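S.K.: File query33.tsv follows (TSV, C-alpha atoms):
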chain	number	residue	atom	x	y	z
S	1	MET	CA	-100.34	-17.07	-28.71
S	2	PRO	CA	-97.64	-18.21	-26.26
S	3	LEU	CA	-97.52	-21.85	-25.22
S	4	LEU	CA	-95.57	-22.73	-22.09
S	5	ARG	CA	-94.87	-26.46	-21.64
S	6	LEU	CA	-93.82	-27.64	-18.21
S	7	ALA	CA	-92.71	-31.25	-17.76
S	8	CYS	CA	-92.86	-32.62	-14.21
S	9	ALA	CA	-91.55	-35.96	-13.03
S	10	LYS	CA	-92.96	-35.51	-9.53
S	11	HIS	CA	-96.65	-35.01	-10.09
S	12	PRO	CA	-98.09	-31.78	-8.67
S	13	THR	CA	-101.35	-31.90	-6.75
S	14	PRO	CA	-104.47	-30.40	-8.35
S	15	GLU	CA	-104.01	-27.25	-6.21
S	16	GLN	CA	-100.35	-26.95	-7.26
S	17	ARG	CA	-101.32	-27.34	-10.94
S	18	LYS	CA	-103.96	-24.63	-10.55
S	19	ARG	CA	-101.46	-22.23	-8.93
S	20	LEU	CA	-98.79	-23.03	-11.52
S	21	ILE	CA	-101.19	-22.28	-14.38
S	22	GLN	CA	-102.30	-19.00	-12.77
S	23	ARG	CA	-98.79	-17.80	-11.88
S	24	LEU	CA	-97.14	-18.85	-15.12
S	25	THR	CA	-99.93	-17.18	-17.10
S	26	SER	CA	-99.55	-13.96	-15.08
S	27	THR	CA	-95.79	-13.95	-15.65
S	28	ILE	CA	-96.15	-14.41	-19.42
S	29	VAL	CA	-98.79	-11.64	-19.60
S	30	GLU	CA	-96.57	-9.28	-17.58
S	31	GLU	CA	-93.33	-10.04	-19.42
S	32	LEU	CA	-94.64	-10.33	-22.99
S	33	GLY	CA	-97.55	-7.90	-22.80
S	34	VAL	CA	-99.99	-10.34	-24.39
S	35	PRO	CA	-103.66	-10.78	-23.49
S	36	VAL	CA	-104.33	-13.35	-20.77
S	37	SER	CA	-106.71	-15.17	-23.12
S	38	SER	CA	-103.84	-15.90	-25.51
S	39	VAL	CA	-101.63	-17.72	-22.98
S	40	ASN	CA	-101.59	-21.52	-23.03
S	41	VAL	CA	-100.00	-23.57	-20.26
S	42	LEU	CA	-99.48	-27.31	-20.66
S	43	ILE	CA	-98.33	-29.35	-17.67
S	44	GLU	CA	-97.02	-32.74	-18.73
S	45	GLU	CA	-96.66	-35.35	-16.00
S	46	VAL	CA	-93.88	-37.70	-17.03
S	47	PRO	CA	-93.27	-40.94	-15.14
S	48	PRO	CA	-89.83	-40.75	-13.48
S	49	SER	CA	-88.87	-44.01	-15.21
S	50	HIS	CA	-89.35	-42.25	-18.58
S	51	TRP	CA	-86.98	-39.37	-17.76
S	52	GLY	CA	-83.23	-39.65	-17.48
S	53	VAL	CA	-80.53	-37.31	-16.25
S	54	GLY	CA	-76.89	-38.10	-16.88
S	55	GLY	CA	-77.76	-41.58	-18.11
S	56	VAL	CA	-79.73	-42.47	-14.97
S	57	GLY	CA	-83.51	-42.70	-14.68
S	58	LEU	CA	-85.15	-40.24	-12.32
S	59	ASP	CA	-86.87	-43.16	-10.61
S	60	GLU	CA	-83.41	-44.42	-9.58
S	61	ILE	CA	-82.29	-40.93	-8.56
S	62	PHE	CA	-85.43	-40.36	-6.47
S	63	SER	CA	-85.10	-43.81	-4.90
S	64	ALA	CA	-81.46	-43.18	-3.94
S	65	HIS	CA	-82.37	-39.76	-2.56
S	66	ASP	CA	-85.14	-41.22	-0.38
S	67	ARG	CA	-82.91	-43.91	1.15
S	68	PRO	CA	-81.42	-43.07	4.54
S	69	ALA	CA	-77.70	-42.37	4.46
S	70	ARG	CA	-75.44	-45.10	5.81
S	71	ASN	CA	-73.13	-44.35	8.68
S	72	HIS	CA	-69.59	-45.44	7.90
S	73	THR	CA	-67.21	-45.98	10.77
S	74	SER	CA	-63.50	-46.51	10.41
Could you express the structure from this file as structure tokens?
M.R.:
Amino acid sequence: MPLLRLACAKHPTPEQRKRLIQRLTSTIVEELGVPVSSVNVLIEEVPPSHWGVGGVGLDEIFSAHDRPARNHTS
């Protein structure tokens, strides 16, 4: 009974979650040869402030990424 856990910091839409569950299930069935009814998919939506990469919260990383770049002139 495979369980696939997917943690997402940027929350997928209901349609994206539906497609993810369908496609991930199909991949597990194809690769492991298990019955579709045995595949479990769990999508965990984690707030970006609760997830860190390299000592920095994803909320800070996303915020920095969304800011327009500054033009530096010499």
S.K.: Quick one: residues within 9 Å of Leu58 (chain S), only C-alpha atoms, excluding same-chain residues fewer than 5 positions away - as a VMD selection string?
M.R.: chain S and resid 9 47 to 53 63
S.K.: Skipping near chain neighbours, those fewer than 2 positions away, what residues fall within 7 Å of region 35-46 of chain S using all atoms listed in the file, listed as a CSV table (one decimal) with C-alpha atoms, keeping the file's coordinate frame?
M.R.:
chain,number,residue,atom,x,y,z
S,1,MET,CA,-100.3,-17.1,-28.7
S,2,PRO,CA,-97.6,-18.2,-26.3
S,3,LEU,CA,-97.5,-21.8,-25.2
S,4,LEU,CA,-95.6,-22.7,-22.1
S,5,ARG,CA,-94.9,-26.5,-21.6
S,6,LEU,CA,-93.8,-27.6,-18.2
S,7,ALA,CA,-92.7,-31.2,-17.8
S,8,CYS,CA,-92.9,-32.6,-14.2
S,9,ALA,CA,-91.6,-36.0,-13.0
S,11,HIS,CA,-96.6,-35.0,-10.1
S,21,ILE,CA,-101.2,-22.3,-14.4
S,25,THR,CA,-99.9,-17.2,-17.1
S,29,VAL,CA,-98.8,-11.6,-19.6
S,33,GLY,CA,-97.6,-7.9,-22.8
S,48,PRO,CA,-89.8,-40.8,-13.5
S,50,HIS,CA,-89.4,-42.2,-18.6
S.K.: Separation of CA of Arg19 (chain S) and CA of Asp66 (chain S), in Å?
M.R.: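 So the two atoms, CA of Arg19 (chain S) and CA of Asp66 (chain S), lie 26.5 Å apart.
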S.K.: Go ahead and compute the interatomic distance for CA of Val34 (chain S) and CA of Lys18 (chain S), in Å to one decimal.
M.R.: 20.3 Å
S.K.: When you draw a straight line from CA of Pro12 (chain S) to CA of Leu24 (chain S), how long is it in Å?
M.R.: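 These atoms are spaced 14.5 Å apart.
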